[in-house]
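Raw data_5.cif, mmCIF, C-alpha atoms:
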data_model
#
loop_
_atom_site.label_atom_id
_atom_site.label_comp_id
_atom_site.auth_asym_id
_atom_site.auth_seq_id
_atom_site.Cartn_x
_atom_site.Cartn_y
_atom_site.Cartn_z
CA MET U 1 87.78 45.04 92.37
CA GLU U 2 84.50 43.72 91.08
CA ARG U 3 84.80 41.22 88.22
CA ILE U 4 82.41 39.50 85.86
CA PRO U 5 82.98 35.72 86.07
CA ILE U 6 84.11 33.88 82.94
CA LEU U 7 83.25 30.17 82.84
CA LYS U 8 84.99 27.64 80.61
CA ILE U 9 82.82 24.91 79.14
CA GLY U 10 84.72 22.66 76.75
CA SER U 11 86.24 24.93 74.13
CA TYR U 12 83.79 27.74 74.88
CA LEU U 13 83.79 30.58 77.34
CA LEU U 14 80.52 31.65 78.91
CA VAL U 15 79.97 35.10 80.35
CA SER U 16 76.72 36.13 81.97
CA ILE U 17 76.50 39.81 82.77
CA GLN U 18 74.27 40.13 85.84
CA VAL U 19 75.12 43.61 87.07
CA ASP U 20 74.56 47.15 85.89
CA MET U 21 77.98 47.67 84.30
CA HIS U 22 79.94 50.80 84.99
CA ASP U 23 82.54 51.75 82.42
CA ARG U 24 85.56 50.33 84.24
CA LEU U 25 83.83 46.99 84.68
CA ALA U 26 83.10 46.84 80.95
CA MET U 27 86.75 47.58 80.20
CA SER U 28 87.99 44.93 82.63
CA LEU U 29 85.65 42.37 81.04
CA GLN U 30 87.24 43.16 77.67
CA ASP U 31 90.73 42.63 79.10
CA ASP U 32 89.86 39.50 81.10
CA LEU U 33 88.04 37.88 78.23
CA THR U 34 90.82 38.32 75.68
CA ALA U 35 93.31 36.90 78.21
CA HIS U 36 91.01 33.93 78.86
CA ILE U 37 90.55 33.22 75.14
CA VAL U 38 94.28 32.81 74.72
CA LYS U 39 94.83 30.91 77.97
CA ALA U 40 91.94 28.49 77.42
CA ARG U 41 92.47 28.26 73.63
CA ALA U 42 88.77 28.99 73.38
CA LYS U 43 87.04 28.68 70.02
CA GLY U 44 83.84 30.41 71.02
CA VAL U 45 82.57 33.04 73.44
CA LEU U 46 78.97 33.25 74.53
CA ILE U 47 77.91 36.47 76.24
CA ASP U 48 74.53 36.40 77.97
CA ILE U 49 73.04 39.86 78.46
CA SER U 50 69.51 38.76 79.40
CA SER U 51 69.87 40.48 82.80
CA LEU U 52 71.05 43.77 81.30
CA GLU U 53 68.35 46.43 81.46
CA LEU U 54 70.43 48.91 79.54
CA VAL U 55 73.03 48.88 76.79
CA ASP U 56 74.25 52.38 76.03
CA SER U 57 76.83 53.41 73.43
CA PHE U 58 79.76 52.64 75.72
CA ILE U 59 78.59 49.15 76.64
CA GLY U 60 77.58 48.55 73.01
CA ARG U 61 81.00 49.61 71.80
CA THR U 62 82.67 47.36 74.37
CA LEU U 63 80.59 44.37 73.22
CA GLY U 64 81.52 45.15 69.60
CA ASN U 65 85.19 45.40 70.57
CA ILE U 66 85.04 42.07 72.37
CA ALA U 67 83.58 40.41 69.26
CA ALA U 68 86.27 41.97 67.05
CA MET U 69 89.12 41.06 69.40
CA SER U 70 87.86 37.48 69.75
CA ARG U 71 87.77 37.18 65.97
CA VAL U 72 91.37 38.29 65.73
CA LEU U 73 92.21 35.65 68.35
CA ASP U 74 90.42 33.00 66.26
CA ALA U 75 87.33 32.71 68.44
CA GLN U 76 83.71 33.37 67.54
CA THR U 77 81.45 35.50 69.73
CA VAL U 78 77.70 35.27 70.08
CA LEU U 79 75.66 37.73 72.12
CA VAL U 80 72.50 36.18 73.53
CA GLY U 81 69.37 37.23 75.38
CA MET U 82 69.09 40.91 74.52
CA ARG U 83 65.82 42.28 75.90
CA PRO U 84 63.41 43.72 73.31
CA ALA U 85 63.35 47.16 75.00
CA VAL U 86 67.14 47.23 74.91
CA ALA U 87 67.20 46.30 71.22
CA ILE U 88 64.70 49.05 70.33
CA THR U 89 66.65 51.64 72.30
CA LEU U 90 70.01 50.60 70.92
CA VAL U 91 68.90 50.93 67.31
CA GLU U 92 67.21 54.26 67.99
CA LEU U 93 70.41 55.45 69.65
CA GLY U 94 72.15 54.71 66.35
CA MET U 95 73.90 51.43 67.16
CA SER U 96 73.03 48.24 65.36
CA LEU U 97 76.11 46.31 66.56
CA PRO U 98 77.50 45.46 63.12
CA GLY U 99 79.83 42.50 63.22
CA VAL U 100 78.28 41.07 66.36
CA ARG U 101 76.49 37.76 66.00
CA THR U 102 73.35 37.47 68.11
CA ALA U 103 70.95 34.72 69.18
CA LEU U 104 67.77 34.77 71.25
CA ASN U 105 68.95 32.45 74.01
CA VAL U 106 71.89 30.37 75.23
CA ASP U 107 70.75 27.19 73.42
CA GLN U 108 70.49 28.92 70.06
CA GLY U 109 73.71 30.78 70.76
CA LEU U 110 75.60 27.53 71.36
CA ALA U 111 74.16 26.05 68.15
CA LEU U 112 75.22 29.15 66.23
CA LEU U 113 78.73 28.98 67.69
CA GLN U 114 79.04 25.32 66.75
CA THR U 115 77.92 26.01 63.17
CA ALA U 116 80.26 28.96 62.83
CA ILE U 117 83.22 26.96 64.11
CA ASP U 118 82.40 23.92 61.92
CA GLN U 119 82.27 26.13 58.86
CA GLY U 120 85.45 27.93 59.81
CA ASP U 121 83.43 31.09 59.49
CA HIS U 122 85.20 34.21 60.64
CA GLY U 123 82.35 36.35 61.76
CA ALA U 124 79.48 38.42 60.52
CA GLY U 125 81.32 41.68 60.02
CA ASP U 126 84.13 40.74 57.68
CA GLY U 127 82.47 41.98 54.54
CA VAL U 128 84.37 39.48 52.38
CA MET D 129 54.29 72.37 82.76
CA PRO D 130 54.29 72.33 86.55
CA ALA D 131 57.14 70.58 88.29
CA THR D 132 56.18 68.46 91.26
CA ALA D 133 59.49 67.42 92.80
CA SER D 134 63.13 68.02 92.12
CA GLU D 135 66.46 66.57 93.19
CA SER D 136 70.09 66.96 92.25
CA LEU D 137 72.77 64.28 91.88
CA PRO D 138 76.52 64.84 91.47
CA ILE D 139 78.39 63.42 88.46
CA SER D 140 82.04 63.26 89.42
CA GLY D 141 83.05 59.64 88.72
CA PRO D 142 82.05 56.59 86.67
CA ASP D 143 80.07 55.18 89.62
CA ASP D 144 77.91 58.31 89.61
CA VAL D 145 76.83 57.50 86.04
CA VAL D 146 75.43 54.20 87.35
CA VAL D 147 73.74 55.97 90.29
CA VAL D 148 72.11 58.48 87.92
CA ARG D 149 70.68 55.81 85.66
CA GLN D 150 69.41 53.76 88.61
CA ARG D 151 67.66 56.79 90.10
CA VAL D 152 66.14 57.75 86.74
CA ARG D 153 64.91 54.16 86.33
CA GLU D 154 63.31 54.22 89.83
CA LEU D 155 61.51 57.48 89.14
CA ALA D 156 60.38 56.39 85.67
CA ILE D 157 58.86 53.20 87.14
CA MET D 158 57.19 55.25 89.88
CA LEU D 159 55.65 57.56 87.27
CA GLY D 160 54.28 54.64 85.29
CA PHE D 161 56.61 54.72 82.25
CA ARG D 162 56.28 51.68 80.01
CA LEU D 163 59.37 49.45 79.84
CA VAL D 164 60.50 50.72 76.43
CA ASP D 165 60.08 54.35 77.51
CA GLN D 166 61.99 53.68 80.74
CA THR D 167 64.81 52.10 78.79
CA LYS D 168 65.02 54.99 76.31
CA LEU D 169 65.10 57.63 79.04
CA VAL D 170 67.61 55.74 81.19
CA THR D 171 69.87 55.16 78.17
CA ALA D 172 69.74 58.87 77.25
CA ALA D 173 70.54 59.72 80.89
CA SER D 174 73.52 57.37 80.79
CA GLU D 175 74.88 58.95 77.59
CA LEU D 176 74.52 62.49 78.92
CA ALA D 177 75.90 61.68 82.38
CA ARG D 178 78.98 60.22 80.67
CA ASN D 179 79.30 63.34 78.51
CA THR D 180 79.13 65.51 81.64
CA LEU D 181 81.88 63.42 83.19
CA GLN D 182 84.18 63.02 80.19
CA HIS D 183 83.72 66.23 78.24
CA GLY D 184 82.50 68.54 81.02
CA ARG D 185 85.01 67.27 83.62
CA GLY D 186 82.13 66.49 85.98
CA GLY D 187 79.02 68.34 87.05
CA LYS D 188 75.53 67.49 88.18
CA VAL D 189 72.09 66.49 87.04
CA GLU D 190 68.85 68.05 88.21
CA ILE D 191 65.97 65.56 88.03
CA THR D 192 62.44 66.95 88.06
CA THR D 193 59.16 65.08 87.93
CA LEU D 194 56.58 66.82 85.78
CA GLN D 195 52.81 66.78 85.73
CA ASP D 196 50.73 68.27 82.94
CA GLY D 197 47.09 67.41 83.57
CA SER D 198 47.05 63.63 83.76
CA LYS D 199 50.38 63.39 81.90
CA LYS D 200 53.46 62.59 83.92
CA GLY D 201 57.05 63.01 82.87
CA LEU D 202 60.65 63.44 83.88
CA ARG D 203 62.99 66.28 83.05
CA LEU D 204 66.74 65.93 83.42
CA VAL D 205 69.12 68.86 83.23
CA PHE D 206 72.82 68.04 83.00
CA GLU D 207 75.18 70.88 83.84
CA ASP D 208 78.93 71.22 83.84
CA GLN D 209 81.51 74.00 83.97
CA GLY D 210 83.75 72.34 81.43
CA PRO D 211 85.21 73.65 78.18
CA GLY D 212 81.83 73.91 76.45
CA ILE D 213 80.85 72.92 72.92
CA PRO D 214 82.13 75.27 70.21
CA ASP D 215 79.82 73.99 67.46
CA ILE D 216 76.58 72.47 68.80
CA GLU D 217 75.21 71.69 65.33
CA ARG D 218 78.26 69.58 64.62
CA ALA D 219 78.25 67.95 68.07
CA LEU D 220 74.71 66.72 67.34
CA THR D 221 75.84 64.93 64.18
CA ASP D 222 76.15 61.16 64.59
CA GLY D 223 79.75 60.07 64.47
CA PHE D 224 81.20 63.41 65.53
CA THR D 225 83.39 62.89 68.57
CA THR D 226 86.25 64.56 70.38
CA GLY D 227 86.39 62.04 73.21
CA GLY D 228 87.33 58.84 71.41
CA GLY D 229 83.77 57.50 71.62
CA LEU D 230 81.33 56.79 68.85
CA GLY D 231 79.80 60.25 68.77
CA LEU D 232 76.29 58.96 69.39
CA GLY D 233 75.74 60.47 72.84
CA LEU D 234 74.20 63.84 72.10
CA GLY D 235 72.33 63.08 68.87
CA GLY D 236 71.26 59.67 70.17
CA SER D 237 69.90 61.15 73.41
CA LYS D 238 67.90 63.67 71.40
CA ARG D 239 66.26 60.82 69.44
CA LEU D 240 65.43 58.93 72.64
CA CYS D 241 63.50 61.79 74.25
CA ASN D 242 60.46 63.99 73.58
CA GLU D 243 62.15 67.27 74.41
CA PHE D 244 65.77 68.24 74.06
CA SER D 245 67.79 71.42 74.28
CA VAL D 246 71.45 72.22 74.63
CA GLU D 247 73.11 75.47 75.61
CA SER D 248 76.83 75.89 75.74
CA GLU D 249 79.34 78.64 76.05
CA PRO D 250 82.96 77.91 75.23
CA GLY D 251 85.02 78.12 78.41
CA ARG D 252 81.94 78.36 80.63
CA GLY D 253 80.23 75.00 80.41
CA THR D 254 77.31 73.09 78.95
CA ARG D 255 73.68 72.58 79.93
CA VAL D 256 71.67 69.80 78.30
CA MET D 257 67.95 69.37 79.03
CA ILE D 258 65.92 66.30 78.11
CA ALA D 259 62.36 65.37 78.98
CA ARG D 260 60.23 62.36 78.31
CA TRP D 261 56.56 61.78 79.03
CA ALA D 262 55.17 58.51 80.36
#
Any chance you could give the structure as structure tokens?
Amino acid sequence: MERIPILKIGSYLLVSIQVDMHDRLAMSLQDDLTAHIVKARAKGVLIDISSLELVDSFIGRTLGNIAAMSRVLDAQTVLVGMRPAVAITLVELGMSLPGVRTALNVDQGLALLQTAIDQGDHGAGDGV
Amino acid sequence: MPATASESLPISGPDDVVVVRQRVRELAIMLGFRLVDQTKLVTAASELARNTLQHGRGGKVEITTLQDGSKKGLRLVFEDQGPGIPDIERALTDGFTTGGGLGLGLGGSKRLCNEFSVESEPGRGTRVMIARWA
């Protein structure tokens, strides 16, 4: 079965979604990534969606779930590279991805991860 | 509004949802939709194709290119013979779901398009029409 590769760089995991995701692929990414976080003792997860031309409610929900699950596993998630047209559509659809940290590109995403980890911050959506 | 060409695609598995959105994207580009308009229409198509699959137990989509003077557009009609929607008003409310999702599909798709209608008969199926102009 098709898989989205997960790369380990130091204590981070890097995922770059390069394909039009069908629902099963999104679910398998969620499963694979949580397993990798534990196995690699990762502190941060960077998800690059700059190639994604579409984020619908299912993919959006999966990304939100990944961020929440990572947080529970003591890892921070940053979503990077969302295209402007995707952002406009997602908000109009009714999804603003609460609890998901975002950055414009991989560089800024890595900086954000580092800051979050240094501060022992547990995510944007805790409300505490 | 005169229709210029029409085609039908089956929606019977998760891969078909991807095929539908890729075809809608191709046609939207061909008709000169701006990127944001393409993305809105393709996202609405993805939501409704998934609804057809999950709630309607599969069905089809009829894709029609429209021309009204110099205006070009796309109309998508999703049809299934599933259980139908007992309360359409409620199904259009954000957050209402019976499928374990977020309940944004129907109401969200309506916001992403210029024209929207839904007809449903309990036990007989559901027909959702959306259209967007380039």
Nearby residues (all atoms listed in the file) at most 12 Å from U:Asn105, same-chain spacing under 5 positions excluded, as a count of residues only
16
Coordinates-based distance that separates atom CA of U:Val106 from atom CA of U:Leu14 (Å, one decimal)
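Atom CA of U:Leu14 sits 9.5 Å away from atom CA of U:Val106.
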Which residues of chain D are close to chain U, meaning at most 9 Å apart when you count only C-alpha atoms, and how do they look as an mmCIF file with C-alpha atoms, keeping the file's coordinate frame?
data_model
loop_
_atom_site.group_PDB
_atom_site.id
_atom_site.type_symbol
_atom_site.label_atom_id
_atom_site.label_comp_id
_atom_site.auth_asym_id
_atom_site.auth_seq_id
_atom_site.Cartn_x
_atom_site.Cartn_y
_atom_site.Cartn_z
ATOM 1 C CA PRO D 142 82.050 56.590 86.670
ATOM 2 C CA ASP D 143 80.070 55.180 89.620
ATOM 3 C CA VAL D 145 76.830 57.500 86.040
ATOM 4 C CA VAL D 146 75.430 54.200 87.350
ATOM 5 C CA GLN D 150 69.410 53.760 88.610
ATOM 6 C CA LEU D 163 59.370 49.450 79.840
ATOM 7 C CA VAL D 164 60.500 50.720 76.430
ATOM 8 C CA ASP D 165 60.080 54.350 77.510
ATOM 9 C CA GLN D 166 61.990 53.680 80.740
ATOM 10 C CA THR D 167 64.810 52.100 78.790
ATOM 11 C CA LYS D 168 65.020 54.990 76.310
ATOM 12 C CA VAL D 170 67.610 55.740 81.190
ATOM 13 C CA THR D 171 69.870 55.160 78.170
ATOM 14 C CA ALA D 172 69.740 58.870 77.250
ATOM 15 C CA SER D 174 73.520 57.370 80.790
ATOM 16 C CA GLU D 175 74.880 58.950 77.590
ATOM 17 C CA ASP D 222 76.150 61.160 64.590
ATOM 18 C CA GLY D 229 83.770 57.500 71.620
ATOM 19 C CA LEU D 230 81.330 56.790 68.850
ATOM 20 C CA GLY D 231 79.800 60.250 68.770
ATOM 21 C CA LEU D 232 76.290 58.960 69.390
ATOM 22 C CA GLY D 233 75.740 60.470 72.840
ATOM 23 C CA GLY D 235 72.330 63.080 68.870
ATOM 24 C CA GLY D 236 71.260 59.670 70.170
ATOM 25 C CA SER D 237 69.900 61.150 73.410
ATOM 26 C CA LYS D 238 67.900 63.670 71.400
ATOM 27 C CA ARG D 239 66.260 60.820 69.440
ATOM 28 C CA LEU D 240 65.430 58.930 72.640
#
Contacts of D:Ala131 within 7 Å, only C-alpha atoms, excl. fewer than 3 positions in-chain, as a list in words:
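My list of contacting residues is Thr192, Thr193, Leu194 and Gln195 of chain D.
The residue set within 7 Å of stretch 245-247 of chain D, counting all atoms listed in the file and dropping same-chain residues fewer than 3 places from it, reads Thr254, Arg255, Val256, Met257 and Ile258 of chain D.
In this model, the gap between atom CA of D:Asp215 and atom CA of D:Val148 comes to 26.8 Å.
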State, in Å with one decimal place, the distance from atom CA of D:Gln209 to atom CA of U:Ile59.
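We find that atom CA of D:Gln209 and atom CA of U:Ile59 lie 26.1 Å from each other.
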Quick one: which residues end up in the PyMOL selection byres ((chain U and resi 8) around 10) for this structure, as a VMD selection string?
chain U and resid 5 to 7 9 to 15 36 to 37 40 42 45
Test item: residues at most 7 Å from D:Glu190, only C-alpha atoms, excluding those fewer than 6 positions along its chain, as a list in words
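Returned residues: Ser134, Glu135, Ser136, Leu137, Leu204, Val205 and Phe206 of chain D.
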Listed atoms of stretch 57-73 of chain U, axis-aligned box, 6 Å per side: centre and edge lengths to one decimal in Å, as JSON?
{"center_x": 84.5, "center_y": 44.5, "center_z": 71.2, "size_x": 27.4, "size_y": 29.8, "size_z": 22.9}
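When all atoms listed in the file are used to measure the gap to U:Gly64, the shortest distance among U:Gln76, U:Gly44, U:Gly99, U:Lys39 belongs to U:Gly99.
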Using all atoms listed in the file, determine which residues lie at most 9 Å from D:Phe161, disregarding the query and same-chain residues fewer than 6 positions distant; provide the list as a list in words.
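My list of contacting residues is Leu155, Lys200, Gly201, Trp261 and Ala262 of chain D.
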Preceding selection exported with C-alpha atoms as an mmCIF file, in the coordinates of the input:
data_model
loop_
_atom_site.group_PDB
_atom_site.id
_atom_site.type_symbol
_atom_site.label_atom_id
_atom_site.label_comp_id
_atom_site.auth_asym_id
_atom_site.auth_seq_id
_atom_site.Cartn_x
_atom_site.Cartn_y
_atom_site.Cartn_z
ATOM 1 C CA LEU D 155 61.510 57.480 89.140
ATOM 2 C CA LYS D 200 53.460 62.590 83.920
ATOM 3 C CA GLY D 201 57.050 63.010 82.870
ATOM 4 C CA TRP D 261 56.560 61.780 79.030
ATOM 5 C CA ALA D 262 55.170 58.510 80.360
#
Residue with smallest distance to D:Arg151 - pool D:Gly251, D:Asn242, D:His183, D:Leu202, counting all atoms listed in the file
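Under the stated criterion, the closest residue is D:Leu202.
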What residues have an atom no more than 9 Å from (77.7, 44.6, 64.5) in the file's own frame, counting all atoms listed in the file, and can you write them as a PDB file with C-alpha atoms, in the coordinates of the input?
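So out.pdb came out as:
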ATOM      1  CA  GLY U  64      81.520  45.150  69.600  1.00  0.00           C
ATOM      2  CA  ALA U  67      83.580  40.410  69.260  1.00  0.00           C
ATOM      3  CA  MET U  95      73.900  51.430  67.160  1.00  0.00           C
ATOM      4  CA  SER U  96      73.030  48.240  65.360  1.00  0.00           C
ATOM      5  CA  LEU U  97      76.110  46.310  66.560  1.00  0.00           C
ATOM      6  CA  PRO U  98      77.500  45.460  63.120  1.00  0.00           C
ATOM      7  CA  GLY U  99      79.830  42.500  63.220  1.00  0.00           C
ATOM      8  CA  VAL U 100      78.280  41.070  66.360  1.00  0.00           C
ATOM      9  CA  ARG U 101      76.490  37.760  66.000  1.00  0.00           C
ATOM     10  CA  ALA U 124      79.480  38.420  60.520  1.00  0.00           C
ATOM     11  CA  GLY U 125      81.320  41.680  60.020  1.00  0.00           C
TER      12      GLY U 125
END
Just so I have it separately, write stretch 18-31 of chain U from the block I sent, keeping N, CA and C atoms, as a compact mmCIF listing (two decimals), in the first residue's frame.
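The resulting file, selection_24.txt, is shown below:
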# COMPACT_ATOMS: atom_id res chain seq x y z
N GLN U 18 3.12 14.92 -0.65
CA GLN U 18 3.32 15.30 -2.07
C GLN U 18 2.22 14.75 -2.98
N VAL U 19 1.29 14.03 -2.41
CA VAL U 19 0.25 13.41 -3.26
C VAL U 19 -1.13 13.88 -2.83
N ASP U 20 -2.07 13.76 -3.75
CA ASP U 20 -3.46 14.05 -3.45
C ASP U 20 -3.96 12.92 -2.53
N MET U 21 -4.17 13.23 -1.28
CA MET U 21 -4.44 12.18 -0.28
C MET U 21 -5.86 11.65 -0.35
N HIS U 22 -6.00 10.36 -0.52
CA HIS U 22 -7.32 9.78 -0.30
C HIS U 22 -7.46 9.47 1.19
N ASP U 23 -8.67 9.14 1.60
CA ASP U 23 -8.95 9.07 3.04
C ASP U 23 -8.13 8.01 3.76
N ARG U 24 -7.94 6.87 3.11
CA ARG U 24 -7.17 5.80 3.76
C ARG U 24 -5.72 6.21 3.97
N LEU U 25 -5.18 6.96 3.00
CA LEU U 25 -3.79 7.39 3.10
C LEU U 25 -3.63 8.37 4.27
N ALA U 26 -4.63 9.24 4.44
CA ALA U 26 -4.59 10.18 5.56
C ALA U 26 -4.64 9.43 6.89
N MET U 27 -5.48 8.40 6.95
CA MET U 27 -5.57 7.61 8.18
C MET U 27 -4.26 6.85 8.45
N SER U 28 -3.63 6.32 7.40
CA SER U 28 -2.41 5.57 7.63
C SER U 28 -1.27 6.50 8.05
N LEU U 29 -1.31 7.75 7.56
CA LEU U 29 -0.30 8.72 7.99
C LEU U 29 -0.44 8.97 9.50
N GLN U 30 -1.69 9.10 9.93
CA GLN U 30 -1.96 9.32 11.36
C GLN U 30 -1.39 8.18 12.21
N ASP U 31 -1.63 6.95 11.76
CA ASP U 31 -1.14 5.77 12.49
C ASP U 31 0.39 5.68 12.47
